[in-house]
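Structure first, then comments.
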Amino acid sequence: MEKIRIYYAPWCGECRLARRIFEEHNLEYELIDIDNNPEAQRVVQEINNGYKSVPTILFPSGGVVVEPNAPELISALRREGLIAAQA
């Protein structure tokens with residue numbers, strides 16, 4: 001996996017928040033709608049013990065964050081080296 005994958009649903013407010021953060025930091029990502037993709041639903045359920053939790057964000061490193069709020073997502077992006085650490 002070369003790009004970040006965001007598994008989302010159009011009705012999900014946390015998904016919109018995640019996308020906004022990615023766009024603010026000019027980060028490329030692949031957006032995958034689980035409502036219209038049975039394989040994507042399976043992946044999300046496998047990661048989340050049977051739940052369709054979105055957003056589920058997969059990083060090329062193998063890292064995963066699920067339903068992060070803004071501070072959690074920013075922290076994950078820093079851990080992944082995708083945005084600069086705070087000074």
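Residues are referred to by chain and number: the chain letter is A, B, ... according to the order shown in the structure tokens, the number counts from 1 in that chain, and ligands are numbered separately from 1 in the order shown.
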
Per residue of segment 49-71 of chain A within 10 Å of segment 27-36 of chain A, note the shortest atom pair and the distance in Å to one decimal, counting only C-alpha atoms, and order the rows by chain and increasing residue number, as CSV.
```
residue,atom,partner,partner_atom,distance
A:Lys52,CA,A:Ile34,CA,8.3
A:Ser53,CA,A:Ile34,CA,9.9
A:Val54,CA,A:Ile34,CA,8.6
A:Pro55,CA,A:Ile34,CA,9.7
A:Thr56,CA,A:Ile32,CA,9.9
A:Ile57,CA,A:Leu31,CA,9.5
A:Leu58,CA,A:Tyr29,CA,9.7
A:Phe59,CA,A:Tyr29,CA,9.3
```

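Using only C-alpha atoms, the protein and nucleic acid residues lying no more than 8 Å from Pro68 of chain A, apart from those fewer than 5 places from it along its own chain, are Glu14, Ala18, Pro55 and Leu73 of chain A.
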
Using the selection just defined, write its residues with N, CA, C and O atoms as a PDB file, in the first residue's frame.
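Written output follows (part.pdb):
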```
ATOM      1  N   GLU A  14     -17.383  12.368  11.356  1.00  0.00           N
ATOM      2  CA  GLU A  14     -15.963  12.190  11.675  1.00  0.00           C
ATOM      3  C   GLU A  14     -15.140  11.962  10.407  1.00  0.00           C
ATOM      4  O   GLU A  14     -13.971  12.318  10.349  1.00  0.00           O
ATOM      5  N   ALA A  18     -11.912  14.116   9.165  1.00  0.00           N
ATOM      6  CA  ALA A  18     -10.638  13.514   8.777  1.00  0.00           C
ATOM      7  C   ALA A  18     -10.211  14.022   7.399  1.00  0.00           C
ATOM      8  O   ALA A  18      -9.056  14.406   7.204  1.00  0.00           O
ATOM      9  N   PRO A  55     -14.386   6.829  10.419  1.00  0.00           N
ATOM     10  CA  PRO A  55     -13.378   6.424   9.467  1.00  0.00           C
ATOM     11  C   PRO A  55     -12.417   5.401  10.067  1.00  0.00           C
ATOM     12  O   PRO A  55     -12.085   5.463  11.244  1.00  0.00           O
ATOM     13  N   LEU A  73      -6.081  12.285  15.404  1.00  0.00           N
ATOM     14  CA  LEU A  73      -5.642  12.165  14.022  1.00  0.00           C
ATOM     15  C   LEU A  73      -4.358  12.957  13.789  1.00  0.00           C
ATOM     16  O   LEU A  73      -3.420  12.459  13.159  1.00  0.00           O
TER      17      LEU A  73
END
```

Residue set, segment 8-68 of chain A restricted to alpha helix (DSSP H), as a list of chain:residue names:
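DSSP-assigned alpha helix (DSSP H) residues in segment 8-68 of chain A: A:Gly13, A:Glu14, A:Cys15, A:Arg16, A:Leu17, A:Ala18, A:Arg19, A:Arg20, A:Ile21, A:Phe22, A:Glu23, A:Glu24, A:Pro38, A:Glu39, A:Ala40, A:Gln41, A:Arg42, A:Val43, A:Val44, A:Gln45, A:Glu46, A:Ile47.
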
With DSSP run on the backbone, what are the strand (DSSP E) residues within chain A? I'd like them as JSON, numbers by chain.
{"A": [4, 5, 6, 7, 8, 29, 30, 31, 32, 33, 56, 57, 58, 64, 65, 66]}

Kindly save the residues from that selection, with N, CA, C and O atoms included, as a PDB file, in the first residue's frame.
```pdb
ATOM      1  N   ILE A   4      -2.299   6.471   1.753  1.00  0.00           N
ATOM      2  CA  ILE A   4      -3.162   6.328   2.919  1.00  0.00           C
ATOM      3  C   ILE A   4      -4.552   5.976   2.405  1.00  0.00           C
ATOM      4  O   ILE A   4      -5.018   6.539   1.409  1.00  0.00           O
ATOM      5  N   ARG A   5      -5.203   5.067   3.082  1.00  0.00           N
ATOM      6  CA  ARG A   5      -6.575   4.702   2.722  1.00  0.00           C
ATOM      7  C   ARG A   5      -7.506   5.142   3.831  1.00  0.00           C
ATOM      8  O   ARG A   5      -7.296   4.809   4.994  1.00  0.00           O
ATOM      9  N   ILE A   6      -8.522   5.888   3.439  1.00  0.00           N
ATOM     10  CA  ILE A   6      -9.559   6.289   4.389  1.00  0.00           C
ATOM     11  C   ILE A   6     -10.832   5.557   3.994  1.00  0.00           C
ATOM     12  O   ILE A   6     -11.413   5.816   2.945  1.00  0.00           O
ATOM     13  N   TYR A   7     -11.238   4.619   4.839  1.00  0.00           N
ATOM     14  CA  TYR A   7     -12.516   3.938   4.657  1.00  0.00           C
ATOM     15  C   TYR A   7     -13.561   4.811   5.344  1.00  0.00           C
ATOM     16  O   TYR A   7     -13.408   5.156   6.526  1.00  0.00           O
ATOM     17  N   TYR A   8     -14.594   5.196   4.596  1.00  0.00           N
ATOM     18  CA  TYR A   8     -15.546   6.182   5.101  1.00  0.00           C
ATOM     19  C   TYR A   8     -16.963   5.838   4.653  1.00  0.00           C
ATOM     20  O   TYR A   8     -17.192   4.918   3.871  1.00  0.00           O
ATOM     21  N   TYR A  29      -4.518  10.816  -0.288  1.00  0.00           N
ATOM     22  CA  TYR A  29      -5.158   9.647   0.300  1.00  0.00           C
ATOM     23  C   TYR A  29      -6.125   9.048  -0.706  1.00  0.00           C
ATOM     24  O   TYR A  29      -6.537   9.702  -1.659  1.00  0.00           O
ATOM     25  N   GLU A  30      -6.452   7.797  -0.470  1.00  0.00           N
ATOM     26  CA  GLU A  30      -7.460   7.111  -1.263  1.00  0.00           C
ATOM     27  C   GLU A  30      -8.716   7.021  -0.406  1.00  0.00           C
ATOM     28  O   GLU A  30      -8.668   6.550   0.726  1.00  0.00           O
ATOM     29  N   LEU A  31      -9.823   7.466  -0.929  1.00  0.00           N
ATOM     30  CA  LEU A  31     -11.084   7.483  -0.210  1.00  0.00           C
ATOM     31  C   LEU A  31     -11.925   6.288  -0.666  1.00  0.00           C
ATOM     32  O   LEU A  31     -12.181   6.133  -1.855  1.00  0.00           O
ATOM     33  N   ILE A  32     -12.334   5.454   0.285  1.00  0.00           N
ATOM     34  CA  ILE A  32     -13.056   4.232  -0.059  1.00  0.00           C
ATOM     35  C   ILE A  32     -14.383   4.214   0.697  1.00  0.00           C
ATOM     36  O   ILE A  32     -14.414   4.136   1.931  1.00  0.00           O
ATOM     37  N   ASP A  33     -15.481   4.271  -0.037  1.00  0.00           N
ATOM     38  CA  ASP A  33     -16.840   4.315   0.506  1.00  0.00           C
ATOM     39  C   ASP A  33     -17.287   2.898   0.863  1.00  0.00           C
ATOM     40  O   ASP A  33     -17.468   2.060  -0.013  1.00  0.00           O
ATOM     41  N   THR A  56     -12.008   4.474   9.237  1.00  0.00           N
ATOM     42  CA  THR A  56     -10.890   3.587   9.537  1.00  0.00           C
ATOM     43  C   THR A  56      -9.801   4.003   8.571  1.00  0.00           C
ATOM     44  O   THR A  56     -10.001   3.969   7.356  1.00  0.00           O
ATOM     45  N   ILE A  57      -8.674   4.439   9.122  1.00  0.00           N
ATOM     46  CA  ILE A  57      -7.597   5.006   8.311  1.00  0.00           C
ATOM     47  C   ILE A  57      -6.385   4.096   8.395  1.00  0.00           C
ATOM     48  O   ILE A  57      -5.893   3.816   9.486  1.00  0.00           O
ATOM     49  N   LEU A  58      -5.933   3.634   7.233  1.00  0.00           N
ATOM     50  CA  LEU A  58      -4.768   2.764   7.141  1.00  0.00           C
ATOM     51  C   LEU A  58      -3.615   3.538   6.536  1.00  0.00           C
ATOM     52  O   LEU A  58      -3.765   4.163   5.480  1.00  0.00           O
ATOM     53  N   VAL A  64      -2.883   1.990  11.955  1.00  0.00           N
ATOM     54  CA  VAL A  64      -4.324   2.144  11.766  1.00  0.00           C
ATOM     55  C   VAL A  64      -4.864   3.054  12.862  1.00  0.00           C
ATOM     56  O   VAL A  64      -4.464   2.932  14.026  1.00  0.00           O
ATOM     57  N   VAL A  65      -5.775   3.953  12.490  1.00  0.00           N
ATOM     58  CA  VAL A  65      -6.556   4.707  13.471  1.00  0.00           C
ATOM     59  C   VAL A  65      -8.021   4.564  13.094  1.00  0.00           C
ATOM     60  O   VAL A  65      -8.372   4.532  11.919  1.00  0.00           O
ATOM     61  N   VAL A  66      -8.843   4.443  14.129  1.00  0.00           N
ATOM     62  CA  VAL A  66     -10.269   4.229  13.917  1.00  0.00           C
ATOM     63  C   VAL A  66     -11.049   5.284  14.685  1.00  0.00           C
ATOM     64  O   VAL A  66     -10.808   5.497  15.881  1.00  0.00           O
TER      65      VAL A  66
END
```

Using only C-alpha atoms, which residue out of A:Lys3, A:Gln86, A:Leu17, A:Gln41 lies closest to Ser61 of chain A?
A:Lys3

I'd like the neighbourhood of segment 78-84 of chain A as a PyMOL selection string, where a residue qualifies if any of its atoms comes within 10 Å (using only C-alpha atoms), though same-chain residues fewer than 6 positions away should be ignored.
chain A and resi 22+25-27+59-63+72

Please report the interatomic distance between atom CA of Trp11 of chain A and atom CA of Pro71 of chain A in Å with one decimal.
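These two atoms are separated by 21.4 Å.
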